[in-house]
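Asks: Handing you this structure, nothing more for now.
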Amino acid sequence: MNVEELISKLSIEEKLSLLVGVGFFDVPKSVPGAAGETRAVSRLGIPSIILSDGPAGIRIFAVRLGEDRLYLTTAFPNEILLSSTWNTEVVEEVGKAIGEEAREYGVDVVLAPGLNIHRIPLGGRNFEYFSEDPLLSGEMAAAYVRGVQSAGVGATLKHFVANEQETNRTRIDVVVSERALREIYLRAFEIAIKKSDPWAVMAAYNKLLGKYCVQNKWLLTDVLRRDWGYKGLVMTDWLAGDNPVEQIKAGIDLIMPGDDKTLQLLIDSYRNGQIDEETINTRVRNVLNLIAKTPKARGYKPSGKPDLDKHREVAYRAAVEGFVLLKNNGALPIKPSAKVALFGKGSYRTAKGGLGSGTTYPLSIVSIASGLKEAGVSIDEEVEKVYNNILPMVFGSLDPSQFIRAMRVDVLKDKKADMISLLLFELMENAIDALEYMQVAEDVFSEEFLDRVAERNDVAVITISRTATEGRDRNPVKGDYYLRDDELNLICKVSEAFHRRNKKVVVLLNIPGPIDVVSWRDLVDAILVVWMPGQEAGRAVADVLVGKVSPSGKLPFTWPKDLYETPAMRTFPGEPRNDPIRVVYEEGIYIGYRYYDSFGLEPAYEFGYGLSYTDFEYRDLNISFEGEAVKVRFKVKNVGGYPGKEVAQIYVRAPRGKLDKPFQELKGFKKTRLLNPGEEEDIEIVIPITYLASFNGFKWVVEKGVYEIRVGTSSRKIKLVGSIEIEKDVCFDVKWEKIGCG
Ligand code: BGC
């Protein structure tokens, strides 16, 4: 496609039509269930392209009108698990698999990854965001994007910017200092853009400093394009904002999902002089440049057959690296020959991922129970039978997803239904998933029963599950952030019965974000967070439980002791509290560990925390300047008894200067390869000097003085400390060009 030639041939109406998607209910005919589609200009051979969610795998309808076959995709672990791996290679691999599935099903642009910040533990979409830290978020997103785009399809960084809460997400005005924006919220996007060159960015629903993000010229044009030099496409989130003309003027290239009314409005606005042709040409150029790169425009014929077997291995490998071991009093790993009493409905109906646009429709989900059985671990049959009896009472006698799917294939293959029915089926599937994880009383066992179970088994494993969805934040109530009484009772009674016989109790947390742990963690021997692990859940859990794989995930956020100690909880969800329209990020840059460390507060588990079955020793720290960067070298040795991987983290503590600085900030990290006992790896991490800068309201400043380089296995377990000295202040403008500091 010759973009400039096309621009010269397109009529103004055709140009504007390229800036508005086909509409919400005109779900793509060629790929049912994809979230959106652009308009074609057939006369000039410009194809329409398909955009599809989402972060945990491609979200398309598994069934199609009149067809018997299923269009299945892989359910990968959610982003919160991916970032817990701290392994950019694994994340890139997941991205690549998602990109390949997109390509083979005819999807041109993937609407992922999500890159907002874990500002509050209750964030409804934290499961599809990476971290509270901009460097970890940015690096993970970059890896994801590189993966997706290596398959020849586009990735989309979303939601730009400050979409940290779901409460009133389409109306809320986020008030935040420019320093916090530049250092935290924008920084994650800036890093990801620089390191991966994403084809697209999606502007968020919320307002930023009084203006909708989708209508915010400062954000979309001044920062994104002028300061950062971004050359890709910018689209709206679905139905975001309230003024399409302002959107185009502010820097939006593509209004999604679009409709004919919006298109007509733009045409009228051009005619009465509200938008000029030069602006329109700039937007059209961005749209055409993206279309030109797509498989569709390159004439690629999707096979409809991605390699699902290969991808299920990818999903497994990511899952198994992202589990975080919070506590272990010698309970884990269990012997493969151990007899396990498996409690909690999540053990039998494991939640694969969060809901909403980030959901996926795989063929099946390996529950924790099936995974353990597959691994040859013997599960107490009587306990299993109890769950098999309770769960169908709530959900009907079939696995709900199989039930819905069977029903759909039946109705749809005779073309009795239309696209709206497909949408309804999809909604039902979501609703059933949501119900499934809500209310099943767990406390159904008598003490005598538990006594017998404890007698004949070696260990108890209890799974606690939660789910979350976009559109609402999680609630600080029992059954969501806190355990319900029946869940607590189950933990208490099982622990009593097993501990009486000197047997251990392990809790698995199958959750989309943190929950309260402080009220019950002392009752149990081990806690393993398995997040939302995707379709291979059970296989990955089994391998970690029996010690085939040592846990190597680390927390990508600070897990509070008390929810209300999280600094952002003071202003969440905004004012007025019952129907907020404005939320002030009062904590500024002091979010997550930046707050806990600076103000001496004890979290339940700190940022970067995660235990292993083995131990690592750090030594030989060597720090040197290399041009405009600091090179940090050291060795990590496995000195324990199991093979394992370690995540080495570098925190930098700035000197006391003119600007307020957090106690320390993450400036680099590296996951080791698998180290056998006695094996050692040389680690080298390069920190660009620009990473040491803070934004003073006008420019980036690296203040002179001694910087402490702190190498640790978590933000609070620092193993090696060294320092470097910067002799005089170094300053940069917003484009990172060096300028004078005066
Ligand atoms: C979500 C986006 C998603 C879009 C299309 C919106 O509601 O916020 O993340 O990509 O829908 O499904």
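Following the order of the structure tokens, first chain is A, next is B, and so on, with residues numbered from 1 inside each chain and ligands from 1 in the order they appear.
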Residues contacting ligand 1 - anything with an atom at most 10 Å away, using only C-alpha atoms and all ligand atoms - can you give me those as a VMD selection string?
Replies: chain A and resid 24 33 to 36 51 to 55 59 110 to 114 125 128 156 to 159 163 166 169 to 170 202 to 205 236 to 240 256 to 257 356 to 359 470 to 471
Asks: Would you tabulate, counting only C-alpha atoms, all residues of stretch 652-675 of chain A that have an atom at most 7 Å from an atom of stretch 706-724 of chain A, showing the closest pair of atoms and their distance in Å to one decimal, sorted by chain then ascending number, as a tab-separated table?
Replies:
```
residue	atom	partner	partner_atom	distance
A:Val652	CA	A:Ile709	CA	4.9
A:Arg653	CA	A:Glu708	CA	4.9
A:Ala654	CA	A:Tyr707	CA	4.9
A:Pro655	CA	A:Val706	CA	5.6
```
Asks: Determine which residues of stretch 6-238 of chain A DSSP labels as strand (DSSP E or B) from the backbone of this structure, then write them out as a PyMOL selection string.
Replies: chain A and resi 20+36-37+41+46+50-52+109-110+114+154-160+173-175+200-203+207-208+211-212+233-236
Asks: Only N, CA and C atoms, please: the residues just picked out, written as a short mmCIF file (atom, residue, chain, number, x, y, z; two decimals), in the first residue's frame.
Replies:
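part-v4.cif was written with the following content:
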```
data_model
loop_
_atom_site.label_atom_id
_atom_site.label_comp_id
_atom_site.auth_asym_id
_atom_site.auth_seq_id
_atom_site.Cartn_x
_atom_site.Cartn_y
_atom_site.Cartn_z
N VAL A 20 -13.45 6.00 11.86
CA VAL A 20 -14.58 5.57 12.70
C VAL A 20 -14.86 4.08 12.45
N GLY A 36 -13.86 -5.26 17.46
CA GLY A 36 -14.08 -4.15 16.55
C GLY A 36 -13.49 -4.37 15.17
N GLU A 37 -13.90 -3.47 14.30
CA GLU A 37 -13.47 -3.57 12.90
C GLU A 37 -13.43 -2.17 12.30
N VAL A 41 -12.28 0.75 2.27
CA VAL A 41 -12.60 1.58 1.10
C VAL A 41 -12.26 0.69 -0.09
N ILE A 46 -8.53 -0.69 0.09
CA ILE A 46 -8.18 -0.59 1.53
C ILE A 46 -9.09 -1.55 2.29
N ILE A 50 -9.41 -6.20 11.64
CA ILE A 50 -10.12 -6.71 12.82
C ILE A 50 -9.28 -6.48 14.08
N LEU A 51 -9.95 -5.98 15.11
CA LEU A 51 -9.28 -5.75 16.40
C LEU A 51 -9.95 -6.66 17.44
N SER A 52 -9.13 -7.31 18.24
CA SER A 52 -9.72 -8.23 19.21
C SER A 52 -8.99 -8.20 20.56
N VAL A 109 -5.13 -6.78 14.92
CA VAL A 109 -4.59 -6.02 16.05
C VAL A 109 -5.14 -6.59 17.35
N VAL A 110 -4.23 -6.88 18.28
CA VAL A 110 -4.63 -7.41 19.59
C VAL A 110 -4.79 -6.23 20.55
N GLY A 114 -2.73 -4.54 28.93
CA GLY A 114 -3.18 -3.48 29.84
C GLY A 114 -1.97 -3.03 30.66
N GLY A 154 -0.56 -6.50 15.25
CA GLY A 154 -0.28 -5.36 16.12
C GLY A 154 -0.67 -5.61 17.56
N ALA A 155 -0.01 -4.88 18.47
CA ALA A 155 -0.41 -4.89 19.89
C ALA A 155 -0.83 -3.47 20.25
N THR A 156 -1.62 -3.37 21.32
CA THR A 156 -2.18 -2.08 21.74
C THR A 156 -1.91 -1.85 23.22
N LEU A 157 -1.19 -0.80 23.55
CA LEU A 157 -1.02 -0.48 24.98
C LEU A 157 -2.28 0.21 25.45
N LYS A 158 -2.85 -0.27 26.54
CA LYS A 158 -4.08 0.34 27.03
C LYS A 158 -4.04 0.38 28.55
N HIS A 159 -4.71 1.25 29.24
CA HIS A 159 -5.59 2.31 28.80
C HIS A 159 -4.89 3.60 29.18
N PHE A 160 -4.56 4.40 28.19
CA PHE A 160 -3.70 5.57 28.32
C PHE A 160 -4.53 6.76 28.79
N ASP A 173 -12.83 11.92 37.04
CA ASP A 173 -11.74 12.83 36.66
C ASP A 173 -10.57 12.55 37.60
N VAL A 174 -9.44 12.15 37.02
CA VAL A 174 -8.28 11.83 37.85
C VAL A 174 -7.41 13.08 38.00
N VAL A 175 -7.21 13.47 39.25
CA VAL A 175 -6.40 14.65 39.53
C VAL A 175 -5.08 14.16 40.12
N ALA A 200 -0.24 0.29 18.27
CA ALA A 200 -1.37 1.11 18.71
C ALA A 200 -1.34 1.40 20.19
N VAL A 201 -2.01 2.50 20.55
CA VAL A 201 -2.24 2.88 21.93
C VAL A 201 -3.73 3.15 22.06
N MET A 202 -4.34 2.68 23.15
CA MET A 202 -5.77 2.94 23.38
C MET A 202 -5.91 3.97 24.49
N ALA A 203 -6.58 5.08 24.19
CA ALA A 203 -6.79 6.10 25.22
C ALA A 203 -7.93 5.67 26.14
N LYS A 207 -11.30 10.80 32.75
CA LYS A 207 -10.75 12.13 32.48
C LYS A 207 -9.41 12.25 33.19
N LEU A 208 -8.58 13.10 32.66
CA LEU A 208 -7.31 13.41 33.32
C LEU A 208 -7.27 14.93 33.48
N LYS A 211 -10.10 16.80 31.63
CA LYS A 211 -10.43 16.50 30.23
C LYS A 211 -10.42 15.00 30.01
N TYR A 212 -11.42 14.49 29.29
CA TYR A 212 -11.38 13.08 28.93
C TYR A 212 -10.03 12.74 28.29
N LEU A 233 -0.63 4.34 15.95
CA LEU A 233 -2.03 4.76 15.92
C LEU A 233 -2.58 4.91 17.34
N VAL A 234 -3.46 5.90 17.51
CA VAL A 234 -4.12 6.07 18.80
C VAL A 234 -5.62 5.89 18.61
N MET A 235 -6.20 4.96 19.37
CA MET A 235 -7.66 4.73 19.28
C MET A 235 -8.31 5.07 20.62
N THR A 236 -9.64 5.20 20.59
CA THR A 236 -10.37 5.40 21.84
C THR A 236 -10.64 4.05 22.47
#
```
Asks: What does the structure give for the distance between atom CA of A:Glu277 and atom CA of A:Trp228, in Å to one decimal?
Replies: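 Distance between the two atoms: 24.8 Å.
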Asks: What residues in stretch 499-681 of chain A get the DSSP label helix (DSSP H, G or I)? Please answer as a list of chain:residue names.
Replies: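 Restricting stretch 499-681 of chain A to helix (DSSP H, G or I) produces A:His499, A:Arg500, A:Arg521, A:Asp522, A:Leu523, A:Ala537, A:Gly538, A:Arg539, A:Ala540, A:Val541, A:Ala542, A:Asp543, A:Val544, A:Leu545, A:Leu563, A:Tyr564, A:Glu565, A:Pro567, A:Ala568, A:Met569, A:Arg570, A:Tyr593, A:Arg594, A:Tyr595, A:Tyr596, A:Asp597, A:Ser598.
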Asks: Report as a PDB file with C-alpha atoms, in the first residue's frame all protein, DNA and RNA residues lying within 10 Å of A:Asn489, evaluated on only C-alpha atoms, omitting residues in the same chain fewer than 3 positions from it.
Replies:
```pdb
ATOM      1  CA  GLU A 442     -17.290 -23.911  52.040  1.00  0.00           C
ATOM      2  CA  ASP A 443     -18.001 -24.911  55.602  1.00  0.00           C
ATOM      3  CA  VAL A 444     -19.887 -28.122  54.847  1.00  0.00           C
ATOM      4  CA  PHE A 445     -17.816 -30.674  56.765  1.00  0.00           C
ATOM      5  CA  LEU A 483     -12.652 -14.216  53.619  1.00  0.00           C
ATOM      6  CA  ARG A 484     -16.240 -15.191  54.295  1.00  0.00           C
ATOM      7  CA  ASP A 485     -17.017 -16.775  57.651  1.00  0.00           C
ATOM      8  CA  ASP A 486     -17.530 -20.172  56.017  1.00  0.00           C
ATOM      9  CA  CYS A 492      -9.809 -23.284  61.057  1.00  0.00           C
ATOM     10  CA  LYS A 493     -11.427 -26.702  61.196  1.00  0.00           C
ATOM     11  CA  VAL A 494      -9.179 -28.344  58.615  1.00  0.00           C
ATOM     12  CA  SER A 495      -6.099 -26.885  60.322  1.00  0.00           C
TER      13      SER A 495
END
```
